[in-house]
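Below is query-v2.cif, which holds mmCIF, C-alpha atoms (C1' of nucleotides).
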```cif
data_upload
#
loop_
_atom_site.group_PDB
_atom_site.id
_atom_site.type_symbol
_atom_site.label_atom_id
_atom_site.label_comp_id
_atom_site.auth_asym_id
_atom_site.auth_seq_id
_atom_site.Cartn_x
_atom_site.Cartn_y
_atom_site.Cartn_z
ATOM 1 C CA MET A 11 -16.843 -26.670 -11.293
ATOM 2 C CA ASP A 12 -15.200 -23.243 -11.552
ATOM 3 C CA GLY A 13 -11.551 -24.135 -11.596
ATOM 4 C CA ASP A 14 -10.417 -20.611 -10.684
ATOM 5 C CA ASN A 15 -12.036 -20.625 -7.276
ATOM 6 C CA PRO A 16 -9.429 -21.198 -4.591
ATOM 7 C CA TYR A 17 -12.160 -22.735 -2.426
ATOM 8 C CA LEU A 18 -13.018 -25.287 -5.012
ATOM 9 C CA HIS A 19 -14.404 -27.748 -2.552
ATOM 10 C CA ALA A 20 -16.665 -25.404 -0.683
ATOM 11 C CA GLN A 21 -20.331 -25.364 -1.445
ATOM 12 C CA GLU A 22 -20.553 -21.704 -0.669
ATOM 13 C CA ASP A 23 -24.260 -21.406 -1.296
ATOM 14 C CA LEU A 24 -24.914 -24.172 1.153
ATOM 15 C CA VAL A 25 -22.631 -22.635 3.744
ATOM 16 C CA ALA A 26 -24.419 -19.321 3.397
ATOM 17 C CA ARG A 27 -27.840 -20.899 3.645
ATOM 18 C CA VAL A 28 -26.949 -22.906 6.731
ATOM 19 C CA LYS A 29 -25.421 -19.836 8.326
ATOM 20 C CA GLU A 30 -28.822 -18.191 7.942
ATOM 21 C CA ALA A 31 -30.541 -21.102 9.604
ATOM 22 C CA LEU A 32 -28.300 -21.023 12.685
ATOM 23 C CA PRO A 33 -29.561 -19.520 15.949
ATOM 24 C CA GLU A 34 -27.612 -16.624 17.418
ATOM 25 C CA ASP A 35 -24.165 -17.505 18.688
ATOM 26 C CA GLU A 36 -25.199 -16.474 22.189
ATOM 27 C CA VAL A 37 -28.175 -18.801 22.150
ATOM 28 C CA LEU A 38 -26.015 -21.734 21.116
ATOM 29 C CA TYR A 39 -23.544 -20.808 23.819
ATOM 30 C CA ASP A 40 -26.294 -20.816 26.442
ATOM 31 C CA LEU A 41 -27.529 -24.103 25.053
ATOM 32 C CA ALA A 42 -24.097 -25.647 25.506
ATOM 33 C CA GLU A 43 -23.995 -24.281 29.057
ATOM 34 C CA LEU A 44 -27.323 -25.961 29.759
ATOM 35 C CA PHE A 45 -26.229 -29.327 28.444
ATOM 36 C CA LYS A 46 -22.961 -29.016 30.307
ATOM 37 C CA ILE A 47 -25.062 -29.291 33.462
ATOM 38 C CA PHE A 48 -26.447 -32.626 32.331
ATOM 39 C CA GLY A 49 -22.990 -33.764 31.270
ATOM 40 C CA ASP A 50 -21.800 -34.914 34.669
ATOM 41 C CA SER A 51 -22.968 -38.107 36.299
ATOM 42 C CA THR A 52 -23.335 -36.586 39.752
ATOM 43 C CA ARG A 53 -25.546 -33.855 38.364
ATOM 44 C CA VAL A 54 -27.740 -36.021 36.143
ATOM 45 C CA LYS A 55 -28.250 -38.331 39.067
ATOM 46 C CA LEU A 56 -29.162 -35.328 41.169
ATOM 47 C CA LEU A 57 -31.630 -34.177 38.565
ATOM 48 C CA TYR A 58 -33.070 -37.624 38.097
ATOM 49 C CA ILE A 59 -33.507 -38.042 41.845
ATOM 50 C CA LEU A 60 -35.235 -34.702 42.105
ATOM 51 C CA SER A 61 -37.511 -35.670 39.242
ATOM 52 C CA VAL A 62 -38.756 -38.441 41.513
ATOM 53 C CA SER A 63 -39.047 -36.469 44.728
ATOM 54 C CA GLU A 64 -37.884 -33.356 46.476
ATOM 55 C CA MET A 65 -35.091 -34.074 48.934
ATOM 56 C CA CYS A 66 -32.773 -32.473 51.466
ATOM 57 C CA VAL A 67 -29.043 -32.040 50.934
ATOM 58 C CA GLN A 68 -27.867 -34.735 53.295
ATOM 59 C CA ASP A 69 -30.139 -37.361 51.796
ATOM 60 C CA LEU A 70 -28.918 -36.387 48.356
ATOM 61 C CA ALA A 71 -25.329 -36.773 49.501
ATOM 62 C CA GLN A 72 -26.071 -40.169 50.966
ATOM 63 C CA LEU A 73 -27.871 -41.337 47.838
ATOM 64 C CA LEU A 74 -25.050 -40.123 45.612
ATOM 65 C CA GLY A 75 -22.224 -41.322 47.804
ATOM 66 C CA VAL A 76 -20.447 -37.992 47.874
ATOM 67 C CA THR A 77 -19.774 -35.278 50.425
ATOM 68 C CA GLN A 78 -22.413 -32.836 51.579
ATOM 69 C CA SER A 79 -20.090 -30.184 50.287
ATOM 70 C CA ALA A 80 -19.940 -31.685 46.821
ATOM 71 C CA VAL A 81 -23.718 -31.810 46.605
ATOM 72 C CA SER A 82 -23.987 -28.262 47.803
ATOM 73 C CA HIS A 83 -21.551 -27.070 45.152
ATOM 74 C CA GLN A 84 -23.454 -28.890 42.445
ATOM 75 C CA LEU A 85 -26.804 -27.616 43.653
ATOM 76 C CA ARG A 86 -25.409 -24.143 43.294
ATOM 77 C CA ALA A 87 -24.790 -24.831 39.613
ATOM 78 C CA LEU A 88 -28.301 -26.191 39.202
ATOM 79 C CA LYS A 89 -29.750 -23.147 40.903
ATOM 80 C CA ALA A 90 -27.757 -20.863 38.610
ATOM 81 C CA SER A 91 -29.279 -22.635 35.623
ATOM 82 C CA LYS A 92 -32.793 -22.320 37.028
ATOM 83 C CA LEU A 93 -33.137 -26.078 37.008
ATOM 84 C CA VAL A 94 -34.029 -26.452 40.680
ATOM 85 C CA ARG A 95 -35.917 -24.547 43.327
ATOM 86 C CA TYR A 96 -35.770 -24.984 47.070
ATOM 87 C CA ARG A 97 -37.652 -24.341 50.270
ATOM 88 C CA ARG A 98 -36.383 -24.145 53.803
ATOM 89 C CA GLU A 99 -37.971 -26.055 56.640
ATOM 90 C CA GLY A 100 -36.159 -25.306 59.861
ATOM 91 C CA LYS A 101 -32.503 -26.144 59.435
ATOM 92 C CA THR A 102 -33.224 -28.325 56.465
ATOM 93 C CA ILE A 103 -33.472 -27.217 52.859
ATOM 94 C CA PHE A 104 -35.460 -29.242 50.394
ATOM 95 C CA TYR A 105 -34.563 -29.105 46.738
ATOM 96 C CA ALA A 106 -36.902 -29.882 43.872
ATOM 97 C CA LEU A 107 -36.967 -29.575 40.113
ATOM 98 C CA ALA A 108 -37.916 -26.161 38.835
ATOM 99 C CA ASP A 109 -40.083 -27.549 36.059
ATOM 100 C CA GLY A 110 -40.860 -30.531 33.872
ATOM 101 C CA HIS A 111 -38.428 -29.746 31.081
ATOM 102 C CA VAL A 112 -35.636 -31.470 32.906
ATOM 103 C CA ARG A 113 -37.276 -34.844 32.950
ATOM 104 C CA THR A 114 -38.194 -34.500 29.279
ATOM 105 C CA ILE A 115 -34.598 -33.799 28.327
ATOM 106 C CA ILE A 116 -33.336 -36.677 30.434
ATOM 107 C CA ASP A 117 -35.865 -39.061 28.947
ATOM 108 C CA GLN A 118 -34.887 -38.062 25.424
ATOM 109 C CA GLY A 119 -31.294 -38.748 26.303
ATOM 110 C CA LEU A 120 -32.167 -42.092 27.844
ATOM 111 C CA GLU A 121 -33.899 -43.080 24.633
ATOM 112 C CA HIS A 122 -30.724 -42.461 22.686
ATOM 113 C CA VAL A 123 -28.560 -44.256 25.214
ATOM 114 C CA ALA A 124 -30.893 -47.248 25.245
ATOM 115 C CA GLU A 125 -30.230 -47.989 21.565
ATOM 116 C CA MET B 7 -39.709 -38.228 65.607
ATOM 117 C CA ASP B 8 -37.587 -41.015 67.079
ATOM 118 C CA GLY B 9 -35.003 -39.115 69.038
ATOM 119 C CA ASP B 10 -32.639 -42.075 69.300
ATOM 120 C CA ASN B 11 -32.030 -42.292 65.577
ATOM 121 C CA PRO B 12 -28.611 -40.822 64.738
ATOM 122 C CA TYR B 13 -29.949 -39.964 61.263
ATOM 123 C CA LEU B 14 -32.775 -37.941 62.651
ATOM 124 C CA HIS B 15 -33.115 -35.781 59.600
ATOM 125 C CA ALA B 16 -33.068 -38.496 56.987
ATOM 126 C CA GLN B 17 -36.309 -39.677 55.503
ATOM 127 C CA GLU B 18 -34.963 -43.152 55.107
ATOM 128 C CA ASP B 19 -38.078 -44.565 53.548
ATOM 129 C CA LEU B 20 -37.984 -41.901 50.895
ATOM 130 C CA VAL B 21 -34.298 -42.463 50.219
ATOM 131 C CA ALA B 22 -34.914 -46.171 49.813
ATOM 132 C CA ARG B 23 -37.872 -45.647 47.512
ATOM 133 C CA VAL B 24 -36.011 -43.197 45.296
ATOM 134 C CA LYS B 25 -33.039 -45.541 45.151
ATOM 135 C CA GLU B 26 -35.397 -48.123 43.691
ATOM 136 C CA ALA B 27 -36.614 -45.693 41.068
ATOM 137 C CA LEU B 28 -33.109 -44.827 39.822
ATOM 138 C CA PRO B 29 -31.795 -46.343 36.589
ATOM 139 C CA GLU B 30 -28.614 -48.403 36.756
ATOM 140 C CA ASP B 31 -25.506 -46.456 37.596
ATOM 141 C CA GLU B 32 -24.000 -47.399 34.244
ATOM 142 C CA VAL B 33 -26.994 -46.036 32.355
ATOM 143 C CA LEU B 34 -26.758 -42.726 34.151
ATOM 144 C CA TYR B 35 -23.056 -42.629 33.446
ATOM 145 C CA ASP B 36 -23.677 -43.184 29.734
ATOM 146 C CA LEU B 37 -26.372 -40.549 29.858
ATOM 147 C CA ALA B 38 -23.930 -38.035 31.292
ATOM 148 C CA GLU B 39 -21.430 -38.961 28.579
ATOM 149 C CA LEU B 40 -24.069 -38.274 25.954
ATOM 150 C CA PHE B 41 -24.964 -34.870 27.337
ATOM 151 C CA LYS B 42 -21.293 -34.040 27.697
ATOM 152 C CA ILE B 43 -21.190 -34.105 23.918
ATOM 153 C CA PHE B 44 -23.877 -31.435 23.729
ATOM 154 C CA GLY B 45 -22.149 -29.449 26.450
ATOM 155 C CA ASP B 46 -19.641 -27.678 24.254
ATOM 156 C CA SER B 47 -20.538 -24.822 21.956
ATOM 157 C CA THR B 48 -18.409 -26.053 19.079
ATOM 158 C CA ARG B 49 -20.092 -29.424 19.205
ATOM 159 C CA VAL B 50 -23.693 -28.212 19.558
ATOM 160 C CA LYS B 51 -23.088 -25.877 16.676
ATOM 161 C CA LEU B 52 -21.719 -28.814 14.717
ATOM 162 C CA LEU B 53 -24.768 -30.862 15.545
ATOM 163 C CA TYR B 54 -27.143 -28.037 14.796
ATOM 164 C CA ILE B 55 -25.478 -27.412 11.447
ATOM 165 C CA LEU B 56 -25.696 -31.065 10.552
ATOM 166 C CA SER B 57 -29.351 -31.079 11.509
ATOM 167 C CA VAL B 58 -29.841 -28.579 8.690
ATOM 168 C CA SER B 59 -27.656 -30.246 6.080
ATOM 169 C CA GLU B 60 -24.857 -32.701 5.605
ATOM 170 C CA MET B 61 -21.524 -30.978 5.119
ATOM 171 C CA CYS B 62 -17.834 -31.588 4.532
ATOM 172 C CA VAL B 63 -15.144 -30.967 7.128
ATOM 173 C CA GLN B 64 -13.672 -27.832 5.617
ATOM 174 C CA ASP B 65 -17.025 -26.132 5.324
ATOM 175 C CA LEU B 66 -17.760 -27.034 8.902
ATOM 176 C CA ALA B 67 -14.447 -25.529 9.965
ATOM 177 C CA GLN B 68 -15.184 -22.344 8.045
ATOM 178 C CA LEU B 69 -18.681 -22.077 9.470
ATOM 179 C CA LEU B 70 -17.422 -22.613 13.001
ATOM 180 C CA GLY B 71 -14.348 -20.446 12.727
ATOM 181 C CA VAL B 72 -11.975 -23.081 14.000
ATOM 182 C CA THR B 73 -9.209 -25.230 12.562
ATOM 183 C CA GLN B 74 -9.882 -28.195 10.305
ATOM 184 C CA SER B 75 -8.048 -30.198 12.919
ATOM 185 C CA ALA B 76 -10.341 -29.055 15.707
ATOM 186 C CA VAL B 77 -13.409 -30.041 13.722
ATOM 187 C CA SER B 78 -11.909 -33.404 12.913
ATOM 188 C CA HIS B 79 -11.197 -34.066 16.558
ATOM 189 C CA GLN B 80 -14.733 -33.157 17.529
ATOM 190 C CA LEU B 81 -16.248 -35.220 14.744
ATOM 191 C CA ARG B 82 -14.389 -38.150 16.161
ATOM 192 C CA ALA B 83 -16.179 -37.660 19.454
ATOM 193 C CA LEU B 84 -19.507 -37.435 17.658
ATOM 194 C CA LYS B 85 -18.791 -40.601 15.726
ATOM 195 C CA ALA B 86 -17.878 -42.404 18.942
ATOM 196 C CA SER B 87 -21.270 -41.438 20.367
ATOM 197 C CA LYS B 88 -23.091 -42.632 17.234
ATOM 198 C CA LEU B 89 -24.452 -39.165 16.717
ATOM 199 C CA VAL B 90 -23.162 -38.699 13.178
ATOM 200 C CA ARG B 91 -22.553 -40.815 10.105
ATOM 201 C CA TYR B 92 -20.433 -40.001 7.088
ATOM 202 C CA ARG B 93 -19.875 -40.872 3.471
ATOM 203 C CA ARG B 94 -16.816 -40.329 1.312
ATOM 204 C CA GLU B 95 -17.004 -38.722 -2.090
ATOM 205 C CA GLY B 96 -13.558 -38.610 -3.619
ATOM 206 C CA LYS B 97 -11.244 -36.760 -1.283
ATOM 207 C CA THR B 98 -14.119 -35.179 0.546
ATOM 208 C CA ILE B 99 -16.020 -36.652 3.458
ATOM 209 C CA PHE B 100 -19.550 -35.531 4.166
ATOM 210 C CA TYR B 101 -20.904 -35.755 7.674
ATOM 211 C CA ALA B 102 -24.563 -35.967 8.621
ATOM 212 C CA LEU B 103 -26.668 -36.640 11.681
ATOM 213 C CA ALA B 104 -27.103 -40.301 12.490
ATOM 214 C CA ASP B 105 -30.772 -39.868 13.405
ATOM 215 C CA GLY B 106 -33.491 -37.481 14.464
ATOM 216 C CA HIS B 107 -32.978 -37.772 18.206
ATOM 217 C CA VAL B 108 -30.281 -35.163 18.147
ATOM 218 C CA ARG B 109 -32.503 -32.413 16.872
ATOM 219 C CA THR B 110 -35.202 -33.349 19.369
ATOM 220 C CA ILE B 111 -32.771 -33.061 22.252
ATOM 221 C CA ILE B 112 -31.438 -29.759 20.981
ATOM 222 C CA ASP B 113 -34.936 -28.352 20.539
ATOM 223 C CA GLN B 114 -35.890 -29.358 24.068
ATOM 224 C CA GLY B 115 -32.812 -27.566 25.327
ATOM 225 C CA LEU B 116 -33.586 -24.501 23.267
ATOM 226 C CA GLU B 117 -37.040 -24.357 24.810
ATOM 227 C CA HIS B 118 -35.529 -24.208 28.253
ATOM 228 C CA VAL B 119 -32.941 -21.635 27.263
ATOM 229 C CA ALA B 120 -35.582 -19.466 25.632
ATOM 230 C CA GLU B 121 -37.375 -18.885 28.949
ATOM 231 C "C1'" DA C 2 -25.586 -17.019 75.201
ATOM 232 C "C1'" DT C 3 -24.175 -21.634 73.790
ATOM 233 C "C1'" DA C 4 -24.209 -25.905 71.598
ATOM 234 C "C1'" DA C 5 -25.766 -28.671 67.916
ATOM 235 C "C1'" DT C 6 -27.146 -29.425 63.333
ATOM 236 C "C1'" DA C 7 -27.838 -28.318 58.144
ATOM 237 C "C1'" DA C 8 -26.170 -26.102 54.375
ATOM 238 C "C1'" DA C 9 -22.995 -22.898 51.860
ATOM 239 C "C1'" DT C 10 -18.562 -21.196 50.643
ATOM 240 C "C1'" DG C 11 -13.486 -20.749 49.582
ATOM 241 C "C1'" DA C 12 -9.040 -22.680 48.728
ATOM 242 C "C1'" DA C 13 -6.410 -26.156 46.762
ATOM 243 C "C1'" DC C 14 -5.457 -29.800 43.777
ATOM 244 C "C1'" DA C 15 -5.792 -33.699 40.570
ATOM 245 C "C1'" DG C 16 -7.717 -34.942 36.407
ATOM 246 C "C1'" DA C 17 -10.252 -33.931 32.174
ATOM 247 C "C1'" DT C 18 -11.016 -31.070 28.047
ATOM 248 C "C1'" DG C 19 -10.434 -28.373 23.675
ATOM 249 C "C1'" DT C 20 -7.389 -26.146 20.902
ATOM 250 C "C1'" DT C 21 -3.425 -25.556 17.788
ATOM 251 C "C1'" DC C 22 0.724 -27.099 15.425
ATOM 252 C "C1'" DA C 23 3.023 -30.509 12.966
ATOM 253 C "C1'" DT C 24 2.628 -34.594 10.642
ATOM 254 C "C1'" DA C 25 0.513 -38.805 8.709
ATOM 255 C "C1'" DT C 26 -2.945 -41.164 5.909
ATOM 256 C "C1'" DG C 27 -5.829 -41.581 2.025
ATOM 257 C "C1'" DT C 28 -7.524 -40.204 -2.507
ATOM 258 C "C1'" DT C 29 -7.275 -38.184 -7.072
ATOM 259 C "C1'" DA C 30 -5.157 -36.277 -11.111
ATOM 260 C "C1'" DA C 31 -1.192 -35.165 -13.946
ATOM 261 C "C1'" DT D 1 5.250 -41.768 -9.090
ATOM 262 C "C1'" DT D 2 4.661 -37.325 -7.785
ATOM 263 C "C1'" DA D 3 2.018 -33.326 -6.481
ATOM 264 C "C1'" DA D 4 -2.012 -31.515 -4.521
ATOM 265 C "C1'" DC D 5 -5.762 -31.713 -1.653
ATOM 266 C "C1'" DA D 6 -9.039 -33.479 2.247
ATOM 267 C "C1'" DT D 7 -9.158 -35.486 6.458
ATOM 268 C "C1'" DA D 8 -7.239 -37.806 10.594
ATOM 269 C "C1'" DT D 9 -4.080 -38.276 14.310
ATOM 270 C "C1'" DG D 10 -0.598 -37.351 18.073
ATOM 271 C "C1'" DA D 11 1.718 -34.342 21.156
ATOM 272 C "C1'" DA D 12 1.749 -30.409 23.942
ATOM 273 C "C1'" DC D 13 -0.319 -26.981 26.558
ATOM 274 C "C1'" DA D 14 -3.429 -23.824 28.796
ATOM 275 C "C1'" DT D 15 -7.831 -23.783 30.755
ATOM 276 C "C1'" DC D 16 -11.755 -25.677 33.003
ATOM 277 C "C1'" DT D 17 -14.021 -28.905 36.319
ATOM 278 C "C1'" DG D 18 -15.308 -31.620 40.326
ATOM 279 C "C1'" DT D 19 -13.914 -33.118 44.519
ATOM 280 C "C1'" DT D 20 -12.444 -32.837 49.403
ATOM 281 C "C1'" DC D 21 -11.089 -30.351 53.542
ATOM 282 C "C1'" DA D 22 -11.650 -26.593 56.541
ATOM 283 C "C1'" DT D 23 -14.421 -23.021 57.772
ATOM 284 C "C1'" DT D 24 -18.521 -20.005 57.898
ATOM 285 C "C1'" DT D 25 -23.375 -18.878 57.993
ATOM 286 C "C1'" DA D 26 -28.008 -19.849 59.412
ATOM 287 C "C1'" DT D 27 -31.420 -21.917 62.261
ATOM 288 C "C1'" DT D 28 -33.143 -24.198 66.337
ATOM 289 C "C1'" DA D 29 -33.217 -25.852 71.061
ATOM 290 C "C1'" DT D 30 -31.360 -25.732 75.635
#
```

This entry written out as structure tokens:
Amino acid sequence: MDGDNPYLHAQEDLVARVKEALPEDEVLYDLAELFKIFGDSTRVKLLYILSVSEMCVQDLAQLLGVTQSAVSHQLRALKASKLVRYRREGKTIFYALADGHVRTIIDQGLEHVAE
Amino acid sequence: MDGDNPYLHAQEDLVARVKEALPEDEVLYDLAELFKIFGDSTRVKLLYILSVSEMCVQDLAQLLGVTQSAVSHQLRALKASKLVRYRREGKTIFYALADGHVRTIIDQGLEHVAE
DNA sequence: ATAATAAATGAACAGATGTTCATATGTTAA
DNA sequence: TTAACATATGAACATCTGTTCATTTATTAT
């Protein structure tokens, strides 16, 4: 213990080493943005639903018990995060998951919640 | 196409089937709460750091560039979600991840972000 | 063209969130 | 018991978020 050090408590070596191990700030920021998407019950439900089957906006709204507008707004967020894709069929637009990652992340989360 | 049906568009069978497949509302709510924790850059950083090494509050604050108070508040949230544990050593309290799930979830997220 | 239907968008607003500041609690050493 | 240090907590505040309502855009059928 070097009594002169004003930061007596700090394990400076450790701090430095961990700092090395950290991903870029921007990456961690993007990561938080991604999880933010999953951090709303309407959106996780949306994602879970779409992991079961593609579906049109109105059916999603009905299943979620919210406005068509609300779903549309949320789908916009999911699109921006590349989590969903969509296809138009006449007046109707069908949304689907962009890839399998989503379900994997959800399932990991469910495992933790189940404990 | 049954033209009399006021919900012409809806694939009611599908909606019903998917409804069956959905986890309980409460589970999905808890799931969202869990991901909400990961959905803030201060907190993911915290979690990432702790996945590398246990650490005391002051060092965490230094590493994150925020107040000791801010870290303490966030750690409270992490404790409430059973994501971290802690041990006291004199005046200092060392925080650590509660289990390995956290890192798994983070790594899954990082994979998606990396694309 | 016009009407009808599906989805998207913008404005507005209530409620939640994350931070700092000030202060309290707990622990150790003098 | 007092001083010093580490952490926790409460209040206050600015910002962010998610929803609804009203409206617009896009597509199809008449």

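Proximity ranking of C:DA7, C:DA2, C:DC22, C:DC14 relative to chain A places C:DA7 first, based on only C-alpha atoms (C1' of nucleotides).
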
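Rounded to one decimal, CA of Tyr96 (chain A) and CA of Gly119 (chain A) lie 25.3 Å from each other.
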
- With a distance cut-off of 12 Å and all atoms listed in the file, select the neighbouring residues of region 34-36 of chain B, excluding the residue or stretch itself and same-chain residues fewer than 6 positions from it, and output the selection as a list of chain:residue names. A:Phe48, A:Gly49, A:Asp50, A:Ser51, A:Thr52, A:Arg53, A:Val54, A:Lys55, A:Leu56, A:Leu57, A:Tyr58, A:Ile59, A:Leu74, A:Ile116, A:Asp117, A:Gly119, A:Leu120, A:Glu121, A:His122, A:Val123, A:Ala124, A:Glu125, B:Leu28, B:Lys42, B:Ile43, B:Ser87

- Query: Using the chain letters and numbers from the file, which residues does the PyMOL selection byres ((chain B) within 10 of (chain C)) grab, as an MDAnalysis selection string?
  - Reply: chainID B and resid 15 46 48 72:73 75:76 79:80 95:98

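The chain D residues that come within 12 Å of chain B are DA4, DC5, DA6, DT7, DA8, DT9, DG10 and DC16 of chain D, with only C-alpha atoms (C1' of nucleotides) taken into account.
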
Which residues, named as in the file, does the PyMOL selection byres ((chain A and resi 62) around 12) pick out? Answer as a short mmCIF file (atom, residue, chain, number, x, y, z; two decimals) with C-alpha atoms, in the frame of the given file.
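Saved file expr.cif follows:
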```cif
data_model
loop_
_atom_site.label_atom_id
_atom_site.label_comp_id
_atom_site.auth_asym_id
_atom_site.auth_seq_id
_atom_site.Cartn_x
_atom_site.Cartn_y
_atom_site.Cartn_z
CA LYS A 55 -28.25 -38.33 39.07
CA LEU A 56 -29.16 -35.33 41.17
CA LEU A 57 -31.63 -34.18 38.56
CA TYR A 58 -33.07 -37.62 38.10
CA ILE A 59 -33.51 -38.04 41.84
CA LEU A 60 -35.24 -34.70 42.10
CA SER A 61 -37.51 -35.67 39.24
CA SER A 63 -39.05 -36.47 44.73
CA GLU A 64 -37.88 -33.36 46.48
CA MET A 65 -35.09 -34.07 48.93
CA TYR A 105 -34.56 -29.10 46.74
CA ALA A 106 -36.90 -29.88 43.87
CA LEU A 107 -36.97 -29.58 40.11
CA GLY A 110 -40.86 -30.53 33.87
CA VAL A 112 -35.64 -31.47 32.91
CA ARG A 113 -37.28 -34.84 32.95
CA LEU B 20 -37.98 -41.90 50.90
CA VAL B 21 -34.30 -42.46 50.22
CA ALA B 22 -34.91 -46.17 49.81
CA ARG B 23 -37.87 -45.65 47.51
CA VAL B 24 -36.01 -43.20 45.30
CA LYS B 25 -33.04 -45.54 45.15
CA GLU B 26 -35.40 -48.12 43.69
CA ALA B 27 -36.61 -45.69 41.07
CA LEU B 28 -33.11 -44.83 39.82
CA PRO B 29 -31.80 -46.34 36.59
#
```

- Note on the structure: Of B:Ile111, B:Val90, B:Ala83, B:Ala104, the one nearest to chain A when counting all atoms listed in the file is B:Ile111

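Candidate residues B:Phe41, B:Asp19, B:Gln68, B:Val77 were compared for distance to chain A, and the nearest is B:Phe41, using all atoms listed in the file.
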
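In this model, the gap between C1' of DT24 (chain D) and CA of Gln17 (chain B) comes to 26.6 Å.
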
- Straight-line distance linking CA of Ala67 (chain B) with CA of Gln118 (chain A), stated in Å to one decimal: 28.5 Å

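Distances to chain B were evaluated for A:Gly75, A:Leu41, A:Leu85, A:Glu36 using all atoms listed in the file, and the minimum falls at A:Leu41.
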